[in-house]
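One file, my_file19.pdb, is given below (PDB, C-alpha atoms).
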MODEL        1
ATOM      1  CA  MET A 620      -1.639  28.081  29.998
ATOM      2  CA  SER A 621       0.622  28.783  27.030
ATOM      3  CA  ASP A 622      -0.701  29.116  23.522
ATOM      4  CA  ILE A 623       1.030  25.865  22.580
ATOM      5  CA  ALA A 624      -0.551  24.048  25.512
ATOM      6  CA  GLU A 625      -3.976  25.323  24.433
ATOM      7  CA  ARG A 626      -3.485  24.120  20.866
ATOM      8  CA  VAL A 627      -2.193  20.736  22.031
ATOM      9  CA  LYS A 628      -5.219  20.375  24.282
ATOM     10  CA  LYS A 629      -7.584  21.253  21.444
ATOM     11  CA  ILE A 630      -6.041  18.632  19.143
ATOM     12  CA  VAL A 631      -6.229  15.966  21.844
ATOM     13  CA  ILE A 632      -9.886  16.761  22.590
ATOM     14  CA  GLU A 633     -10.805  16.698  18.916
ATOM     15  CA  HIS A 634      -8.869  13.608  18.063
ATOM     16  CA  LEU A 635      -9.703  11.409  21.008
ATOM     17  CA  GLY A 636     -13.204  12.764  21.591
ATOM     18  CA  VAL A 637     -12.627  13.218  25.329
ATOM     19  CA  ASP A 638     -13.956  15.824  27.761
ATOM     20  CA  ALA A 639     -11.807  18.936  28.108
ATOM     21  CA  ASP A 640     -11.479  18.556  31.867
ATOM     22  CA  LYS A 641      -9.806  15.176  31.436
ATOM     23  CA  VAL A 642      -7.050  16.643  29.275
ATOM     24  CA  THR A 643      -4.713  17.680  32.082
ATOM     25  CA  GLU A 644      -0.969  18.109  31.822
ATOM     26  CA  ASN A 645      -0.270  14.731  33.414
ATOM     27  CA  ALA A 646      -2.960  12.829  31.500
ATOM     28  CA  SER A 647      -1.499   9.840  29.658
ATOM     29  CA  PHE A 648      -2.896   9.408  26.170
ATOM     30  CA  ILE A 649      -3.185   5.656  26.522
ATOM     31  CA  ASP A 650      -3.825   5.125  30.261
ATOM     32  CA  ASP A 651      -6.087   8.107  30.992
ATOM     33  CA  LEU A 652      -7.568   9.205  27.668
ATOM     34  CA  GLY A 653      -8.350   5.844  26.076
ATOM     35  CA  ALA A 654      -6.025   6.183  23.103
ATOM     36  CA  ASP A 655      -4.706   3.084  21.363
ATOM     37  CA  SER A 656      -1.233   2.922  19.860
ATOM     38  CA  LEU A 657      -2.480   3.986  16.437
ATOM     39  CA  ASP A 658      -4.195   7.013  18.031
ATOM     40  CA  THR A 659      -0.840   8.107  19.422
ATOM     41  CA  VAL A 660       0.688   7.922  15.947
ATOM     42  CA  GLU A 661      -2.172  10.005  14.596
ATOM     43  CA  LEU A 662      -1.776  12.541  17.406
ATOM     44  CA  VAL A 663       1.887  12.947  16.513
ATOM     45  CA  MET A 664       0.904  13.457  12.862
ATOM     46  CA  ALA A 665      -1.648  16.070  13.930
ATOM     47  CA  PHE A 666       0.941  17.883  16.083
ATOM     48  CA  GLU A 667       3.395  17.881  13.178
ATOM     49  CA  GLU A 668       0.796  19.438  10.937
ATOM     50  CA  GLU A 669      -0.405  22.029  13.447
ATOM     51  CA  PHE A 670       3.067  23.135  14.492
ATOM     52  CA  GLY A 671       4.917  22.697  11.205
ATOM     53  CA  CYS A 672       7.678  20.559  12.655
ATOM     54  CA  GLU A 673       8.856  17.020  12.287
ATOM     55  CA  ILE A 674       8.674  14.780  15.329
ATOM     56  CA  PRO A 675      11.229  11.980  14.863
ATOM     57  CA  ASP A 676      10.218   8.466  15.904
ATOM     58  CA  ASP A 677      12.557   8.366  18.901
ATOM     59  CA  ALA A 678      11.090  11.632  20.191
ATOM     60  CA  ALA A 679       7.538  10.490  19.468
ATOM     61  CA  GLU A 680       8.111   7.460  21.655
ATOM     62  CA  THR A 681       8.782   9.710  24.649
ATOM     63  CA  ILE A 682       5.581  11.715  24.201
ATOM     64  CA  LEU A 683       3.244   9.815  26.493
ATOM     65  CA  THR A 684       1.278  12.585  28.188
ATOM     66  CA  VAL A 685      -0.305  15.880  27.218
ATOM     67  CA  GLY A 686       2.482  17.661  29.074
ATOM     68  CA  ASP A 687       5.168  15.688  27.192
ATOM     69  CA  ALA A 688       3.708  16.924  23.920
ATOM     70  CA  THR A 689       3.525  20.526  25.078
ATOM     71  CA  LYS A 690       7.106  20.478  26.332
ATOM     72  CA  PHE A 691       8.430  18.967  23.115
ATOM     73  CA  LEU A 692       6.543  21.440  20.978
ATOM     74  CA  GLU A 693       7.544  24.458  23.047
ATOM     75  CA  LYS A 694      11.132  23.560  22.180
ATOM     76  CA  ASN A 695      10.633  22.491  18.571
ATOM     77  CA  ALA A 696       7.561  24.109  17.031
ATOM     78  CA  ALA A 697       8.257  26.099  13.896
ATOM     79  CA  GLN A 698       4.952  27.962  13.972
ATOM     80  CA  ALA A 699       4.661  28.674  17.688
TER      81      ALA A 699
ATOM     82  CA  MET B 905     -21.927  -0.979  -8.753
ATOM     83  CA  PHE B 906     -18.123  -0.567  -8.633
ATOM     84  CA  ASP B 907     -18.270   3.114  -9.595
ATOM     85  CA  LEU B 908     -14.929   4.828  -8.929
ATOM     86  CA  THR B 909     -15.866   8.296 -10.154
ATOM     87  CA  GLY B 910     -13.952  10.907  -8.212
ATOM     88  CA  ARG B 911     -11.551   8.345  -6.749
ATOM     89  CA  THR B 912      -7.794   8.480  -7.185
ATOM     90  CA  ALA B 913      -5.490   5.512  -7.676
ATOM     91  CA  LEU B 914      -1.760   4.837  -7.942
ATOM     92  CA  VAL B 915      -0.716   1.712  -9.848
ATOM     93  CA  THR B 916       2.893   0.530  -9.823
ATOM     94  CA  GLY B 917       4.223  -1.600 -12.637
ATOM     95  CA  ALA B 918       1.606   0.039 -14.834
ATOM     96  CA  THR B 919       3.382  -0.864 -18.073
ATOM     97  CA  GLY B 920       3.269  -4.560 -17.322
ATOM     98  CA  GLY B 921       0.563  -6.854 -18.656
ATOM     99  CA  ILE B 922      -1.397  -7.016 -15.416
ATOM    100  CA  GLY B 923      -0.597  -3.496 -14.180
ATOM    101  CA  GLY B 924      -1.671  -1.931 -17.455
ATOM    102  CA  ALA B 925      -4.939  -3.843 -17.378
ATOM    103  CA  ILE B 926      -5.555  -2.739 -13.782
ATOM    104  CA  ALA B 927      -4.873   0.900 -14.601
ATOM    105  CA  LYS B 928      -7.221   0.765 -17.582
ATOM    106  CA  ALA B 929      -9.988  -0.894 -15.602
ATOM    107  CA  LEU B 930      -9.794   1.540 -12.657
ATOM    108  CA  HIS B 931      -9.797   4.410 -15.130
ATOM    109  CA  ALA B 932     -12.754   2.955 -17.024
ATOM    110  CA  GLN B 933     -14.731   2.904 -13.758
ATOM    111  CA  GLY B 934     -14.094   6.625 -13.414
ATOM    112  CA  ALA B 935     -10.964   6.841 -11.270
ATOM    113  CA  ALA B 936      -8.117   9.263 -11.913
ATOM    114  CA  VAL B 937      -4.935   7.211 -12.119
ATOM    115  CA  ALA B 938      -1.232   7.775 -11.520
ATOM    116  CA  LEU B 939       0.819   5.334 -13.566
ATOM    117  CA  SER B 940       4.184   4.306 -12.189
ATOM    118  CA  GLY B 941       6.844   2.135 -13.732
ATOM    119  CA  THR B 942      10.410   2.270 -14.914
ATOM    120  CA  ARG B 943       9.794   2.969 -18.611
ATOM    121  CA  ARG B 944       8.639   6.554 -19.070
ATOM    122  CA  GLU B 945       7.791   6.178 -22.760
ATOM    123  CA  ALA B 946       5.563   3.180 -22.181
ATOM    124  CA  LEU B 947       3.842   5.016 -19.308
ATOM    125  CA  GLU B 948       3.263   8.045 -21.501
ATOM    126  CA  ALA B 949       1.827   5.862 -24.250
ATOM    127  CA  LEU B 950      -0.614   4.322 -21.773
ATOM    128  CA  ALA B 951      -1.532   7.746 -20.389
ATOM    129  CA  ALA B 952      -2.156   9.011 -23.918
ATOM    130  CA  GLU B 953      -4.387   6.021 -24.584
ATOM    131  CA  LEU B 954      -6.400   6.728 -21.429
ATOM    132  CA  GLY B 955      -6.674  10.459 -22.140
ATOM    133  CA  GLU B 956      -7.936  12.577 -19.254
ATOM    134  CA  ARG B 957      -7.408  11.618 -15.607
ATOM    135  CA  ALA B 958      -4.069   9.873 -16.243
ATOM    136  CA  HIS B 959      -0.709  10.964 -14.836
ATOM    137  CA  VAL B 960       2.749   9.522 -15.346
ATOM    138  CA  LEU B 961       5.113   9.008 -12.385
ATOM    139  CA  PRO B 962       8.211   7.039 -13.393
ATOM    140  CA  ALA B 963      10.078   5.425 -10.504
ATOM    141  CA  ASP B 964      12.585   2.652  -9.921
ATOM    142  CA  LEU B 965      11.182   0.614  -7.050
ATOM    143  CA  LYS B 966      14.632  -0.660  -6.107
ATOM    144  CA  ASP B 967      15.370   2.934  -5.058
ATOM    145  CA  GLY B 968      13.965   3.244  -1.539
ATOM    146  CA  ALA B 969      13.819   7.040  -1.530
ATOM    147  CA  ALA B 970      11.950   7.029  -4.838
ATOM    148  CA  VAL B 971       9.364   4.629  -3.423
ATOM    149  CA  ASP B 972       8.962   6.721  -0.272
ATOM    150  CA  ALA B 973       8.240   9.772  -2.415
ATOM    151  CA  LEU B 974       5.830   8.111  -4.811
ATOM    152  CA  PRO B 975       2.564   8.303  -2.803
ATOM    153  CA  GLY B 976       3.175  12.006  -2.105
ATOM    154  CA  GLN B 977       3.766  12.639  -5.792
ATOM    155  CA  ALA B 978       0.585  10.772  -6.629
ATOM    156  CA  GLU B 979      -1.384  12.781  -4.060
ATOM    157  CA  ALA B 980      -0.053  15.991  -5.547
ATOM    158  CA  ALA B 981      -0.866  14.924  -9.116
ATOM    159  CA  LEU B 982      -4.282  13.472  -8.358
ATOM    160  CA  GLY B 983      -5.451  15.731  -5.517
ATOM    161  CA  GLY B 984      -5.758  12.747  -3.183
ATOM    162  CA  LEU B 985      -4.971   9.070  -2.988
ATOM    163  CA  ASP B 986      -7.752   6.585  -2.330
ATOM    164  CA  VAL B 987      -6.329   3.434  -3.877
ATOM    165  CA  VAL B 988      -2.788   2.080  -4.117
ATOM    166  CA  VAL B 989      -2.148  -1.012  -6.203
ATOM    167  CA  HIS B 990       1.276  -2.462  -5.495
ATOM    168  CA  ASN B 991       1.539  -4.467  -8.665
ATOM    169  CA  ALA B 992       5.172  -4.093  -9.716
ATOM    170  CA  GLY B 993       6.994  -7.373  -9.506
ATOM    171  CA  ILE B 994      10.029  -9.087 -10.941
ATOM    172  CA  THR B 995      11.352 -12.616 -11.173
ATOM    173  CA  ARG B 996      14.963 -13.823 -10.979
ATOM    174  CA  ASP B 997      14.382 -17.559 -11.118
ATOM    175  CA  ASN B 998      17.073 -19.990 -10.159
ATOM    176  CA  LEU B 999      17.411 -23.275  -8.362
ATOM    177  CA  PHE B1000      17.724 -22.650  -4.673
ATOM    178  CA  LEU B1001      21.250 -24.042  -4.487
ATOM    179  CA  ARG B1002      22.368 -21.805  -7.323
ATOM    180  CA  MET B1003      20.546 -18.666  -6.292
ATOM    181  CA  LYS B1004      22.803 -15.628  -6.029
ATOM    182  CA  ASP B1005      22.502 -13.113  -3.218
ATOM    183  CA  ASP B1006      21.539 -10.373  -5.642
ATOM    184  CA  GLU B1007      18.837 -12.530  -7.250
ATOM    185  CA  TRP B1008      17.322 -12.948  -3.823
ATOM    186  CA  ALA B1009      17.781  -9.313  -2.794
ATOM    187  CA  ASP B1010      16.415  -7.759  -5.985
ATOM    188  CA  VAL B1011      13.216  -9.774  -5.907
ATOM    189  CA  ILE B1012      12.599  -9.057  -2.222
ATOM    190  CA  ALA B1013      13.386  -5.357  -2.768
ATOM    191  CA  VAL B1014      10.885  -4.796  -5.564
ATOM    192  CA  ASN B1015       8.143  -7.262  -4.697
ATOM    193  CA  LEU B1016       8.078  -6.905  -0.924
ATOM    194  CA  THR B1017      10.136  -4.010   0.440
ATOM    195  CA  ALA B1018       8.781  -1.546  -2.117
ATOM    196  CA  GLY B1019       5.283  -2.576  -1.055
ATOM    197  CA  PHE B1020       6.138  -1.891   2.577
ATOM    198  CA  ARG B1021       7.534   1.532   1.783
ATOM    199  CA  LEU B1022       4.673   2.378  -0.553
ATOM    200  CA  TYR B1023       2.015   1.420   1.964
ATOM    201  CA  ARG B1024       3.808   3.138   4.841
ATOM    202  CA  ALA B1025       3.903   6.394   2.923
ATOM    203  CA  ALA B1026       0.384   6.106   1.518
ATOM    204  CA  VAL B1027      -1.432   5.037   4.655
ATOM    205  CA  LYS B1028      -0.737   8.290   6.527
ATOM    206  CA  GLY B1029      -2.972  10.344   4.280
ATOM    207  CA  MET B1030      -5.550   7.572   4.177
ATOM    208  CA  MET B1031      -5.710   7.566   7.977
ATOM    209  CA  LYS B1032      -6.421  11.288   7.963
ATOM    210  CA  ARG B1033      -9.107  10.902   5.330
ATOM    211  CA  ARG B1034     -10.519   7.803   7.065
ATOM    212  CA  ARG B1035     -10.658   6.058   3.729
ATOM    213  CA  GLY B1036      -8.318   3.947   1.656
ATOM    214  CA  ARG B1037      -7.763   0.821  -0.334
ATOM    215  CA  LEU B1038      -4.392  -0.918  -0.464
ATOM    216  CA  ILE B1039      -4.212  -3.766  -2.947
ATOM    217  CA  GLY B1040      -1.142  -5.961  -3.394
ATOM    218  CA  ILE B1041      -0.661  -8.228  -6.359
ATOM    219  CA  THR B1042       0.783 -11.399  -4.923
ATOM    220  CA  SER B1043       0.814 -14.790  -6.643
ATOM    221  CA  VAL B1044      -0.538 -18.284  -6.276
ATOM    222  CA  VAL B1045       3.133 -19.207  -5.927
ATOM    223  CA  GLY B1046       3.246 -17.273  -2.654
ATOM    224  CA  VAL B1047       0.952 -19.915  -1.183
ATOM    225  CA  THR B1048       1.952 -23.067  -3.065
ATOM    226  CA  GLY B1049       5.665 -22.477  -3.660
ATOM    227  CA  ASN B1050       7.294 -23.297  -6.980
ATOM    228  CA  PRO B1051      10.624 -24.914  -7.874
ATOM    229  CA  GLY B1052      13.129 -22.314  -9.027
ATOM    230  CA  GLN B1053      11.198 -19.463  -7.415
ATOM    231  CA  GLY B1054      12.298 -19.514  -3.781
ATOM    232  CA  ASN B1055      12.902 -15.777  -3.864
ATOM    233  CA  TYR B1056       9.693 -14.940  -5.709
ATOM    234  CA  ALA B1057       7.540 -17.224  -3.553
ATOM    235  CA  ALA B1058       9.060 -15.731  -0.387
ATOM    236  CA  SER B1059       8.364 -12.189  -1.570
ATOM    237  CA  LYS B1060       4.776 -12.985  -2.492
ATOM    238  CA  ALA B1061       4.091 -14.908   0.723
ATOM    239  CA  GLY B1062       5.616 -11.978   2.602
ATOM    240  CA  LEU B1063       3.203  -9.626   0.915
ATOM    241  CA  ILE B1064       0.261 -11.724   2.097
ATOM    242  CA  GLY B1065       1.473 -11.680   5.711
ATOM    243  CA  MET B1066       2.227  -7.965   5.576
ATOM    244  CA  THR B1067      -1.241  -7.343   4.165
ATOM    245  CA  LYS B1068      -2.958  -9.153   7.023
ATOM    246  CA  SER B1069      -0.920  -7.312   9.662
ATOM    247  CA  LEU B1070      -1.560  -3.879   8.204
ATOM    248  CA  ALA B1071      -5.223  -4.707   7.588
ATOM    249  CA  ALA B1072      -5.644  -5.380  11.297
ATOM    250  CA  GLU B1073      -3.838  -2.164  12.242
ATOM    251  CA  VAL B1074      -5.771   0.270  10.076
ATOM    252  CA  ALA B1075      -9.208  -1.323   9.807
ATOM    253  CA  SER B1076     -10.588   1.100  12.406
ATOM    254  CA  ARG B1077      -9.633   3.968  10.103
ATOM    255  CA  GLY B1078     -11.785   2.821   7.189
ATOM    256  CA  ILE B1079      -8.829   1.448   5.257
ATOM    257  CA  THR B1080      -8.879  -2.026   3.762
ATOM    258  CA  VAL B1081      -5.781  -3.966   2.753
ATOM    259  CA  ASN B1082      -6.072  -6.962   0.474
ATOM    260  CA  CYS B1083      -4.182  -9.055  -2.040
ATOM    261  CA  ILE B1084      -5.014 -10.543  -5.386
ATOM    262  CA  ALA B1085      -3.177 -13.758  -6.206
ATOM    263  CA  PRO B1086      -3.078 -14.392  -9.940
ATOM    264  CA  GLY B1087      -2.282 -17.813 -11.313
ATOM    265  CA  PHE B1088      -0.900 -18.091 -14.843
ATOM    266  CA  ILE B1089      -1.831 -14.887 -16.642
ATOM    267  CA  GLU B1090      -0.830 -14.112 -20.223
ATOM    268  CA  SER B1091       1.771 -11.380 -19.736
ATOM    269  CA  PRO B1092       5.379 -10.624 -20.611
ATOM    270  CA  MET B1093       6.354 -12.515 -17.437
ATOM    271  CA  THR B1094       4.684 -15.760 -18.556
ATOM    272  CA  ASP B1095       5.604 -15.255 -22.239
ATOM    273  CA  ALA B1096       9.132 -16.030 -21.109
ATOM    274  CA  LEU B1097       8.128 -19.651 -20.429
ATOM    275  CA  ASN B1098       8.834 -22.166 -23.181
ATOM    276  CA  ASP B1099       6.053 -24.199 -24.834
ATOM    277  CA  LYS B1100       6.809 -27.280 -22.809
ATOM    278  CA  GLN B1101       6.526 -25.350 -19.558
ATOM    279  CA  LYS B1102       3.292 -23.760 -20.742
ATOM    280  CA  GLU B1103       1.806 -27.118 -21.701
ATOM    281  CA  ALA B1104       2.752 -28.617 -18.368
ATOM    282  CA  SER B1105       1.108 -25.701 -16.583
ATOM    283  CA  LEU B1106      -2.084 -25.902 -18.610
ATOM    284  CA  ALA B1107      -2.528 -29.533 -17.609
ATOM    285  CA  HIS B1108      -2.967 -28.375 -13.998
ATOM    286  CA  ILE B1109      -5.475 -25.588 -14.665
ATOM    287  CA  PRO B1110      -9.058 -26.829 -14.333
ATOM    288  CA  LEU B1111     -10.368 -23.959 -16.465
ATOM    289  CA  GLY B1112      -8.020 -25.154 -19.214
ATOM    290  CA  ARG B1113      -6.468 -21.847 -20.176
ATOM    291  CA  PHE B1114      -4.222 -19.051 -18.948
ATOM    292  CA  GLY B1115      -5.937 -16.010 -17.470
ATOM    293  CA  GLN B1116      -6.139 -12.534 -18.941
ATOM    294  CA  GLY B1117      -4.923  -9.308 -17.357
ATOM    295  CA  ALA B1118      -8.498  -8.027 -17.502
ATOM    296  CA  GLU B1119      -9.573 -10.840 -15.184
ATOM    297  CA  ILE B1120      -7.104  -9.642 -12.550
ATOM    298  CA  ALA B1121      -8.146  -6.058 -13.194
ATOM    299  CA  ALA B1122     -11.774  -6.948 -12.475
ATOM    300  CA  ALA B1123     -10.729  -8.238  -9.057
ATOM    301  CA  ALA B1124      -8.816  -5.000  -8.440
ATOM    302  CA  VAL B1125     -11.859  -2.915  -9.386
ATOM    303  CA  TYR B1126     -13.931  -4.901  -6.915
ATOM    304  CA  LEU B1127     -11.456  -4.524  -4.047
ATOM    305  CA  ALA B1128     -11.062  -0.800  -4.807
ATOM    306  CA  SER B1129     -14.809  -0.192  -4.784
ATOM    307  CA  ASP B1130     -17.166   0.775  -1.983
ATOM    308  CA  GLU B1131     -18.870  -2.561  -2.521
ATOM    309  CA  ALA B1132     -15.812  -4.312  -1.030
ATOM    310  CA  SER B1133     -15.904  -2.249   2.165
ATOM    311  CA  TYR B1134     -16.305  -5.325   4.399
ATOM    312  CA  VAL B1135     -13.417  -7.266   2.854
ATOM    313  CA  THR B1136     -10.011  -6.824   4.467
ATOM    314  CA  GLY B1137      -6.883  -8.891   5.055
ATOM    315  CA  HIS B1138      -8.039 -11.172   2.274
ATOM    316  CA  THR B1139      -6.172 -12.760  -0.616
ATOM    317  CA  LEU B1140      -8.440 -13.216  -3.599
ATOM    318  CA  GLN B1141      -7.267 -16.128  -5.753
ATOM    319  CA  VAL B1142      -7.784 -15.577  -9.465
ATOM    320  CA  ASN B1143      -6.101 -18.637 -10.866
ATOM    321  CA  GLY B1144      -8.444 -20.767 -12.976
ATOM    322  CA  GLY B1145      -8.599 -23.316 -10.192
ATOM    323  CA  ILE B1146      -4.910 -24.258 -10.323
ATOM    324  CA  ALA B1147      -4.861 -24.117  -6.532
ATOM    325  CA  MET B1148      -8.114 -24.104  -4.578
ATOM    326  CA  ILE B1149      -6.984 -22.382  -1.411
TER     327      ILE B1149
ENDMDL
END
Encoding of this model in structure tokens:
Amino acid sequence: MSDIAERVKKIVIEHLGVDADKVTENASFIDDLGADSLDTVELVMAFEEEFGCEIPDDAAETILTVGDATKFLEKNAAQA
Amino acid sequence: MFDLTGRTALVTGATGGIGGAIAKALHAQGAAVALSGTRREALEALAAELGERAHVLPADLKDGAAVDALPGQAEAALGGLDVVVHNAGITRDNLFLRMKDDEWADVIAVNLTAGFRLYRAAVKGMMKRRRGRLIGITSVVGVTGNPGQGNYAASKAGLIGMTKSLAAEVASRGITVNCIAPGFIESPMTDALNDKQKEASLAHIPLGRFGQGAEIAAAAVYLASDEASYVTGHTLQVNGGIAMI
């Protein structure tokens, strides 16, 4: 697992208070991890802070799973 | 009760009659305050009067980018942002049939759109901190309507609806969003009325007088305090009984 994937996983676990083994690449924030829509906004804010990049709204809307976040950040993170 | 020591607050329209009173009252309860408005000199005079824990952040609320930046500037100046009071408001009264597009647009821009932008920018940090108080100064006119104030009434009613929507969205994050709806308050805005208009208004106020800025400020102190932690999405009427709603 890449460093970025590890950091994404850590943020998701902390923010949503879910068990680590549930945070798989294909896990959907809302359907599998119990996030509400405001949680997803907060997750995006947390990713922006951790990785020092801006995630535009249209990109944020496509980040639905843990893997989506990792992929986006592998391409765009400033502090990878 | 109502101790705001260590809290930080941004007040827009802080040089106005009501905004100045709100800033003074929050400061008197111990809060550090950022004073925003269009007139730098008047803001600096108020800051000098308050002494410590007062910062000046001039901004024109018709300028969207300036409004977006304001909460960040306040956070930087104050070291946090617990309370935002969207108080700035203007009137451009005219009969509906004569109302110009710019009279409509200006009032909506300052009274409503600036509130949206201000809250949107401020609520991010509040969500992270799991604490916040957003307080909008609306008006009794936003509920009752008033001839010649179609634009103003729309902006103030809009603020009430926006408040309820946002209150529902962020309640789980420890943030409350409320409005205060003043009736007739002695201020530069109501000084502009002529004696006949004032007399006619007084006849409808059960308490028999206009209100004071300090009476609105007291409501703001309450809503900003920990004691109001179970109040959200509410519009507190402070109007001498002119409309019992």
Counting all atoms listed in the file, which of A:Glu673, A:Asp622, A:Asp658, A:Glu644 gets nearest to chain B?
A:Asp658
Once you count only C-alpha atoms, which residues of chain A turn out to be within 12 Å of chain B? Could you give them as a PyMOL selection string?
chain A and resi 634+655-658+660-665+668
Write out as a ChimeraX atom specification which residues come within 8 Å of segment 1105-1112 of chain B when counting all atoms listed in the file, dropping same-chain ones fewer than 4 positions away.
/B:1101,1143-1146
Which one of A:Val631, A:Ala679, A:Ala688, A:Ile674 sits closest to Gly653 of chain A if you count all atoms listed in the file?
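Closest candidate: A:Val631.
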Let me know the residues the PyMOL selection byres ((chain B and resi 939) around 8) catches in the file above, as a PDB file with C-alpha atoms, in the coordinates of the input.
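Okay, this is what ended up in expr23.pdb:
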ATOM      1  CA  LEU B 914      -1.760   4.837  -7.942  1.00  0.00           C
ATOM      2  CA  VAL B 915      -0.716   1.712  -9.848  1.00  0.00           C
ATOM      3  CA  THR B 916       2.893   0.530  -9.823  1.00  0.00           C
ATOM      4  CA  GLY B 917       4.223  -1.600 -12.637  1.00  0.00           C
ATOM      5  CA  ALA B 918       1.606   0.039 -14.834  1.00  0.00           C
ATOM      6  CA  ALA B 927      -4.873   0.900 -14.601  1.00  0.00           C
ATOM      7  CA  VAL B 937      -4.935   7.211 -12.119  1.00  0.00           C
ATOM      8  CA  ALA B 938      -1.232   7.775 -11.520  1.00  0.00           C
ATOM      9  CA  SER B 940       4.184   4.306 -12.189  1.00  0.00           C
ATOM     10  CA  GLY B 941       6.844   2.135 -13.732  1.00  0.00           C
ATOM     11  CA  LEU B 947       3.842   5.016 -19.308  1.00  0.00           C
ATOM     12  CA  ALA B 951      -1.532   7.746 -20.389  1.00  0.00           C
ATOM     13  CA  ALA B 958      -4.069   9.873 -16.243  1.00  0.00           C
ATOM     14  CA  HIS B 959      -0.709  10.964 -14.836  1.00  0.00           C
ATOM     15  CA  VAL B 960       2.749   9.522 -15.346  1.00  0.00           C
ATOM     16  CA  LEU B 961       5.113   9.008 -12.385  1.00  0.00           C
ATOM     17  CA  PRO B 962       8.211   7.039 -13.393  1.00  0.00           C
TER      18      PRO B 962
END
State, in Å with one decimal place, the distance from atom CA of Glu948 of chain B to atom CA of Ala963 of chain B.
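Answer for the atom CA of Glu948 of chain B to atom CA of Ala963 of chain B separation: 13.2 Å.
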Kindly give the distance, in Å, that separates atom CA of Ile1041 of chain B and atom CA of Glu956 of chain B, rounded to a single decimal.
25.5 Å
One decimal, Å: what's the distance from atom CA of Lys629 of chain A over to atom CA of Thr684 of chain A, could you say?
14.1 Å
Apply the PyMOL selection byres ((chain B and resi 973-982) around 7) to the displayed file and report the matching residues as a list in words.
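Against this file, the PyMOL selection byres ((chain B and resi 973-982) around 7) returns the residues Thr912, Leu914, Ala936, Ala938, His959, Ala969, Ala970, Val971, Asp972, Gly983, Gly984, Leu985, Leu1022, Ala1025 and Ala1026 of chain B.
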Enumerate, as a list in words, the residues matched when the PyMOL selection byres ((chain B and resi 934) around 7) is run on the file above.
Asp907, Leu908, Thr909, Gly910, Leu930, His931, Ala932, Gln933, Ala935 and Ala936 of chain B
Ile1084 of chain B: which residues within 6 Å, counting only C-alpha atoms, same-chain residues fewer than 4 positions away excluded, as a ChimeraX atom specification?
/B:1041-1042,1139-1140
Nearest to Leu652 of chain A: which of A:Phe666, A:Val637, A:Gly686, A:Val627 is it, counting all atoms listed in the file?
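Selected residue with least distance to Leu652 of chain A: A:Val637.
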Shell of 9 Å around Tyr1023 of chain B, only C-alpha atoms, local chain residues under 6 positions omitted, as a ChimeraX atom specification:
/B:975,988,990,1038,1070
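With all atoms listed in the file as the atoms that count, the minimum distance from Ala1013 of chain B to the choices B:Ser1043, B:Thr995, B:Asn1050, B:Gln1141 is reached by B:Thr995.
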Expected residue set, 8 Å radius at (8.2, -10.2, -5.0), all atoms listed in the file, as JSON, numbers by chain:
{"B": [993, 994, 995, 1011, 1012, 1013, 1014, 1015, 1016, 1042, 1055, 1056, 1057, 1058, 1059, 1060, 1063]}
Residue contacts of Val1044 of chain B (8 Å, all atoms listed in the file) excluding same-chain residues fewer than 4 positions away, as number ranges by chain
B: 1048-1049, 1085-1087, 1141, 1143, 1147
Among listed residues B:Gly1040, B:Ala1061, B:Gly1052, B:Ala925, nearest Val989 of chain B (using all atoms listed in the file)
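Answer, going by the shortest atom-to-atom distance: B:Gly1040.
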